[in-house]
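Colleague: Quick one: the structure is below, and I'll ask about it shortly.
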Amino acid sequence: MPHRIEVAMKPGFPDASGAGVRKQLAEDLGIAVDAVRVIDVYTVNATVTPEELDRVRAELFTDPVIQRSVTDATLADDFSYLIEVGFRPGVTDNVGKSAAEGIADTLGRSLAPGEAVYKSTQYLLSGAIDAKTCEHIARDLLANELIQRWVVKSADEMTKLQGQSLLGLPVVTERSSAEVHQVNLGVSDDALTALSRSMTLALELREMKAIQAYYATPDVQARRKKLGLPIQPTDIEIEILAQTWSEHCKHKIFDARVHYTDETGKTRVIDSLFKTYVRRVTEEVGRHINWLVSVFHDNAGIIKFDDQWNIAVKAETHNSPSALDPYGGAITGIVGVNRDIAGAGLGCKCIFNTDVFCFASPFHDAAIPSRLLHPRRVLRGVHQGVKDGGNQSGIPDVNGAIVFHERFLGKPLVFCGTGGLIPATIGGKPSHVKAARPGDLIVMTGGRIGKDGIHGATFSSEELHEGSPATAVQIGDAITQKKMTDFLLEARDLELYTCITDNGAGGLSSSVGEMAKDPGGAEVHLDKAPLKYAGLAPWEIFLSEAQERMTLAVAPDRLQAFLDLARRRAVEATVIGSFTNSGRLECYYEGKRIASLDMEFLHDGVPRMDLNAVWTPPVLGPETIPAYADLEAELKAVLGSLNVCSKESFVRMYDHEVLAQSVLKQFQGADHDGPGDAAVIRPVHDSQRGVAVACGICPKYSDLDTYWMMACAVDEAVRNLVCVGAQPGRIAGLDNFCWPDPVQSDKTPDGEYKLAQLVRCGEALYDACTYYGIPLISGKDRMKNDYKIGDTKISIPPTVLFTAVAVLDDVNQVVSMDVKNPGDIVYVLGKTSHEMGGSEYLGLRGQLGASVPKVDFASALRLYRALATAMEHGLVASCHDCSDGGLAVALAESAFAGGYGMSLDLSGIGVDNPVVALFSESQSRFVVSVPAASAAAFERALIGSVVVRLGEVIPEPMLKIVGQSGVLLDAPLAELKEAWQKPLRW
Amino acid sequence: MAVRALVLTGFGINCDAETQVAFSRAGATAERAHLNDLIDAPDRLRDYHILAIPGGFSFGDDVASGKILANRLRYKLGAALKQFVADGKLAIGICNGFQVMVKMGLLPAIGGLFRQEVTLTHNESGRFEDRWVYLQPNPQSPCVWTRNLRTFELPVRHGEGRFLAQDDTLLRALQDGGHVALRYCTRAGLPAKGAYPANPNASVDDIAGICDASGRIFGLMPHPEAYTERAHHPRATREPLPAEGAGLQLFRNAVEYARDAFN
């Protein structure tokens with residue numbers, strides 16, 4: 001019988017959780033209450049004696065110094081309303097799971113099968129509120145109805161209940177039949193289309209027909225008869241095909257033949273955007289460099305760090321799950337990309353995370369369309385998910401950005417990146433080479449399989465619609481994964497396995513299907529796979545995207561050692577089959593064959609798409625630069641705009657120093673609060689080499705021209721790296737595309753334009769990266785970032801996150817963004833032009849503008865090389881990137897970060913209008929300060945580039961700027977800093 | 001004589017690698033051991049002079065930070081740990097390791113071992129934060145680890161670092177007995193007086209670290225292993241700083257003490 005243990009703070013001790021909820025109620029929902037207190041509830045569903053129950057209450061669940069607790073009674077008193085929130089059945093309950101381990105320790109015996117602990121939380125609200133308001137609080141702040149349940153009770157109601165349980169046990173009772181069904185494909189085209197939708201297959205008619213044709217082949221039919229399989233496909237076979245062929249896994253749009261018509265009406269065929277604009281970059285650039293180790297075919301790109309070590313980097317998105325459950329979507333996003341790195345090569349140690357989020361304004365005050373969450377809630381949830389996932393895994397979060405645009409209301413973008421470190425050789429063999437062999441056993445390690453995340457790969461290949469499945473949402477369990485990845489690094493060094501990959505989208509179906517390519521087949525016994533609870537259909541076991549799992553190939557003679565080590569590390573590891581050379585992926589359940597798919601058809605059978613793209617340059621409104629009145633007020637407004645303002649409140653909550661390799665942190669300067677351009681870490685403790693990491697992302701230019709959006713993103717990432725001392729020529733890039741649906745159809749009437757935007761973006765990626773010599777080592781594209789319910793359609797602005805990494809020779813030479821000493825000379829490097837289109841300045845006036853910033857790759861590269869060399873010679877005191885907000889923002893940030901003012905004259909930059917001079921967002925520019933004694937040498941080093949001496953650093957904490965027309969600004973740094981820090985000081 | 005340090009790993013501990021490096025740099029022979037391997041062979045503890053419980057998120061901070069690991073250590077290694085302390089050996093708990101030590105009653109151990117007398121709970125801000133703080137060692141404390149230090153800086157990285165004692169009597173016993181080894185302070189070295197962010201979590205009496213009566217068993221919320229060299233420091237690009245970070249001195253103090261004591 002279930003028992004309840006309730007724990008609350010003793011009177012007189014602070015209830016920080018309650019206080020936090022009270023604050024959020026006021027800030028997010030505008031509801032004032034007198035007090036909120038929190039009671040932790042542990043429901044122990046196990047057979048225990050009263051003595052045992054009291055022992056775990058006292059020894060495990062209660063902090064004797066500050067807490068009080070009861071068993072099978074209530075602590076709730078002195079409140080107006082009570083809200084209890086707990087998980088729905090089957091949702092990962094991390095606290096419950098850990099508590100069960102704690103109980104086992106206290107009682108000296110494990111809980112029996114079927115016994116468990118469930119965590120729920122009671123919020124006691126005091127004040128003038130009613131039940132209806134409490135429902136609102138539960139739904140919109142405390143709980144997410146996709147994964148949680150709640151009850152609201154008044155004080156009177158609670159008295160009558162006398163300590164009874166409020167929420168039923170969240171036990172999964174729904175059971176799928178283990179029976180395998182046939183799917184009848186001998187139907188009309190309309191019925192095939194309907195079938196695809198009703199089974200969440202996300203396959204197009206052409207693809208359904210390709211499958212239909214495969215099963216109609218006489219050879220296939222004859223073999224199926226021989227194998228004892230029905231002529232029609234089984235449900236699991238259709239599910240495997242749909243998952244393997246999903247846009248998410250197969251990148252069909254990026255691989256399509258695109259018939260592109262440019263603005264002059266000329267048409268050409270682009271044979272795969274991926275091959276033309278991504279892979280070709282790496283092939284061409286790769287001929288001139290010697291540090292590429294493994295690109296495109298593994299879970300992550302791998303480059304050389306030094307002779308002993310390699311670095312792996314990968315970035316992913318988790319947009320669709322984060323739209324439905326921001327916390328769960330984001331935490332699975334970060335721990336998911338961690339697994340990509342843990343499965344890159346023979347398995348890397350994760351050494352840094354990056355995170356970039358795109359949201360609508362958290363101050364959005366219009367109605368929210370159905371099934372969408374308020375951007376404020378999305379921001380808080382996503383941030384908390386990434387924070388918990390990274391912090392609990394012990395991986396420093398070193399770099400990121402939060403970008404705002406109104407159309408991210410339709411789908412937030414959540415980019416999570418990870419870097420890893422791996423010895424170049426393991427056991428004398430290159431660590432990036434791996435392949436399963438026929439006869440190797442298939443071993444699954446880590447977490448167990450549940451219904452969570454079923455159809456994640458196909459669901460994210462569609463727009464968000466009314467029927468989007470809630471089972472696609474899940475919660476990450478960082479500790480289970482941490483235990484597993486610690487164990488796998490030990491097993492790797494003992495050479496206990498031959499191949500490794502992670503279970504992400506598509507689950508075992510994807511990981512086994514991919515690993516089976518090398519040996520040429522696999523045989524999986526699905527009834528052997530460990531489940532979280534009974535009642536999963538075989539296809540659900542194979543497709544489940546339950547987290548924290550890796551799939552390995554283990555040679556038979558290493559199996560016992562592998563399983564022994566797993567047991568000693570408290571990690572579950574189970575043999576579920578073996579790799580073969582049969583040419584087929586075969587699944588069995590309780591000895592019966594239920595799937596047999598030709599590897600060739602599975603991986604290469606998907607028909608290629610032919611798509612049309614038509615580029616019609618958008619008609620842009622007139623761009624008017626308003627007459628300025630008070631430039632100080634305007635600078636403060638730009639500093640306080642969402643894309644510019646400080647994100648320190650969020651960043652401080654990430655552990656960015658665990659592993660003790662941090663050199664340049666996100667926030668720099670005298671008070672550690674100036675915005676850094678790139679992170680620098682020193683990953684090997686006895687080497688002075690470093691890795692710099694930065695990103696570029698410019699969706700605000702997409703409506704003007706995606707060519708320049710992409711060029712600006714690459715340039716931004718590169719100049720961020722150059723800011724800290726990286727040399728062009730040692731920079732590697734990662735491209736993560738997030739696009740609205742670019743396929744012309746009834747629901748996307750402008751698909752040809754959106755695809756043309758994608759083509760132009762690809763051209764810019766190719767042009768910029770080949771010019772700068774940046775190989776693309778990894779990337780992803782996510783294509784259906786739209787929202788459509790009823791008549792409301794919201795498509796995100798086309799967005800590419802460009803992540804850039806560079807190896808540095810000596811971390812002691814890095815340069816930070818804060819000015820260092822009065823008397824240092826201040827320069828702006830690079831040409832300032834009238835490029836106000838998409839600027840923060842015009843954005844604040846509701847204008848998009850027209851003059852999109854452009855990149856002159858040749859002069860930019862010349863400048864970057866010269867500047868990096870000047871830094872190597874120690875000539876530069878500070879360097880800061882000019883990006884969002886323009887020159888004035890970069891000057892102000894460098895000044896207030898260093899705690900010293902500047903006295904400057906902008907006449908030399910050759911721009912007449914002070915608004916343009918201060919706020920134009922021309923690319924490839926830096927604000928640099930140089931000790932006066934080094935100024936001559938610095939100017940000599942930069943000959944051939946645009947170098948404008950603006951003035952000097954002054955002791956007085958004022959930003960003083962004059963122009964041709966006289967005094968433009970004379971502003972106290974403290975006020976500028978406050979304007980920059982205030983908007984998101986949460 | 002080689003001083004041997006054992007650094008605990010497993011179950012979400014995540015600062016083990018850099019803690020091992022810090023001990024090595026301080027002159028010890030440092031090894032990492034998984035908790036389960038130690039539970040299988042508790043006698044192994046006898047081979048070491050120093051035990052470190054590093055920072056991390058053992059068991060995800062579920063139920064309460066450090067609690068589940070504290071119980072496991074007490075139930076499964078209690079006797080070996082008691083002997084370790086009785087043998088005059090040294091131990092440090094950093095961040096999560098400090099939480100583990102107070103929750104299992106290894107610190108401050110005023111009324112004997114394995115009774116929880118103080119706690120570390122949610123920061124007043126309600127949030128996890130990574131920020132650098134100034135610290136003031138207490139010259140009246142017998143603490144071995146904080147010898148030879150003046151006001152210095154380290155990063156804190158925690159959500160549950162608010163030090164509280166069960167009552168004023170115990171707090172006075174901590175103060176009077178020299179158990180308070182380390183306090184948060186201002187840049188000028190003055191008491192933080194509870195004010196955020198100098199005192200980042202609202203710990204009572206600005207307490208950042210405590211020791212047992214012997215001064216050999218020590219726990220602290222800040223991370224000394226994260227400042228063992230200049231490049232770790234957030235102002236390394238703008239201030240002349242020594243090549244060696246202040247955090248390393250704590251490890252060196254322990255290693256030197258052990259070298260003398262067990263020679």
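We label chains A, B, ... in the order they appear in the structure tokens, count residues from 1 in each chain, and number ligands from 1 in the order shown.
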Taking only residues of chain A that have an atom at most 6 Å from an atom of chain B, what is each one's shortest atom pair and its distance in Å to one decimal, using only C-alpha atoms, in chain and number order, as a tab-separated table?

Modeller:
```
residue	atom	partner	partner_atom	distance
A:Ala16	CA	B:Gly126	CA	5.5
A:Val65	CA	B:Gln166	CA	4.8
A:Val95	CA	B:Asp62	CA	5.0
A:Gly102	CA	B:Ile68	CA	5.5
A:Gln392	CA	B:Phe57	CA	5.4
A:Gly394	CA	B:Asn14	CA	5.1
A:Ile479	CA	B:Gly12	CA	5.7
A:Lys483	CA	B:Phe11	CA	5.8
A:Arg652	CA	B:Glu129	CA	5.2
A:Met653	CA	B:Glu129	CA	4.5
A:Asp655	CA	B:Asp130	CA	5.6
A:Leu659	CA	B:Glu18	CA	5.8
A:Ala660	CA	B:Ala226	CA	4.7
A:Ser662	CA	B:His232	CA	5.9
A:Val663	CA	B:His232	CA	5.3
```

Colleague: Just the selected residues (C-alpha atoms), exported as a short mmCIF file (atom, residue, chain, number, x, y, z; two decimals), in the first residue's frame, please.

Modeller:
```
data_model
loop_
_atom_site.label_atom_id
_atom_site.label_comp_id
_atom_site.auth_asym_id
_atom_site.auth_seq_id
_atom_site.Cartn_x
_atom_site.Cartn_y
_atom_site.Cartn_z
CA ALA A 16 13.49 29.53 -0.63
CA VAL A 65 18.45 20.88 11.12
CA VAL A 95 13.73 12.41 -7.69
CA GLY A 102 18.23 6.06 -0.96
CA GLN A 392 24.24 17.96 -13.37
CA GLY A 394 29.43 18.34 -14.97
CA ILE A 479 22.62 11.37 -13.55
CA LYS A 483 26.98 7.21 -14.66
CA ARG A 652 25.40 32.93 -14.11
CA MET A 653 23.14 29.95 -13.50
CA ASP A 655 28.30 26.20 -14.31
CA LEU A 659 36.54 20.74 -15.14
CA ALA A 660 38.77 23.74 -14.26
CA SER A 662 37.99 27.85 -18.23
CA VAL A 663 40.22 30.68 -19.43
#
```

Colleague: Any idea what's packed within 10 Å of Ala974 in chain A, counting only C-alpha atoms, ignoring anything in its chain fewer than 5 positions away? Could you give it as a ChimeraX atom specification?

Modeller: /A:896,899,957-958,979-980

Colleague: List every residue of range 299-436 of chain A that DSSP, applied to the backbone of this structure, places in helix (DSSP H, G or I), and write the result as number ranges by chain.

Modeller: A: 319-324, 326-342, 375-393, 406-409

Colleague: I need the residues in range 38-187 of chain A that are strand (DSSP E) according to DSSP; give them as a ChimeraX atom specification.

Modeller: /A:38-45,67-71,81-87,116-126,148-154

Colleague: Quick one: residues within 6 Å of range 343-345 of chain A, only C-alpha atoms counted, chain neighbours fewer than 5 positions away excluded, as a list in words?

Modeller: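 My list of contacting residues is Asn299, Ala300, Ser431, His432, Ile500, Thr501 and Asp502 of chain A.
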
Colleague: Which residues are close to Asp325 in chain A, i.e. within 10 Å by only C-alpha atoms, leaving aside same-chain residues fewer than 6 positions away? Reply as a PyMOL selection string.

Modeller: chain A and resi 144-147+372-373+377-378+381-382+385+470+472-475

Colleague: Give me the residues near Ala195 in chain B as a PyMOL selection string, where near means some atom within 10 Å (using only C-alpha atoms) and where sequence neighbours in that chain fewer than 5 positions away do not count.

Modeller: chain B and resi 184-186+200-203+206

Colleague: Can you pull out the residues contacting range 79-89 of chain B? Cut-off 7 Å, using only C-alpha atoms, and skip same-chain residues under 5 positions away; I want them as an MDAnalysis selection string.

Modeller: chainID B and resid 42:43 46 49:50 216
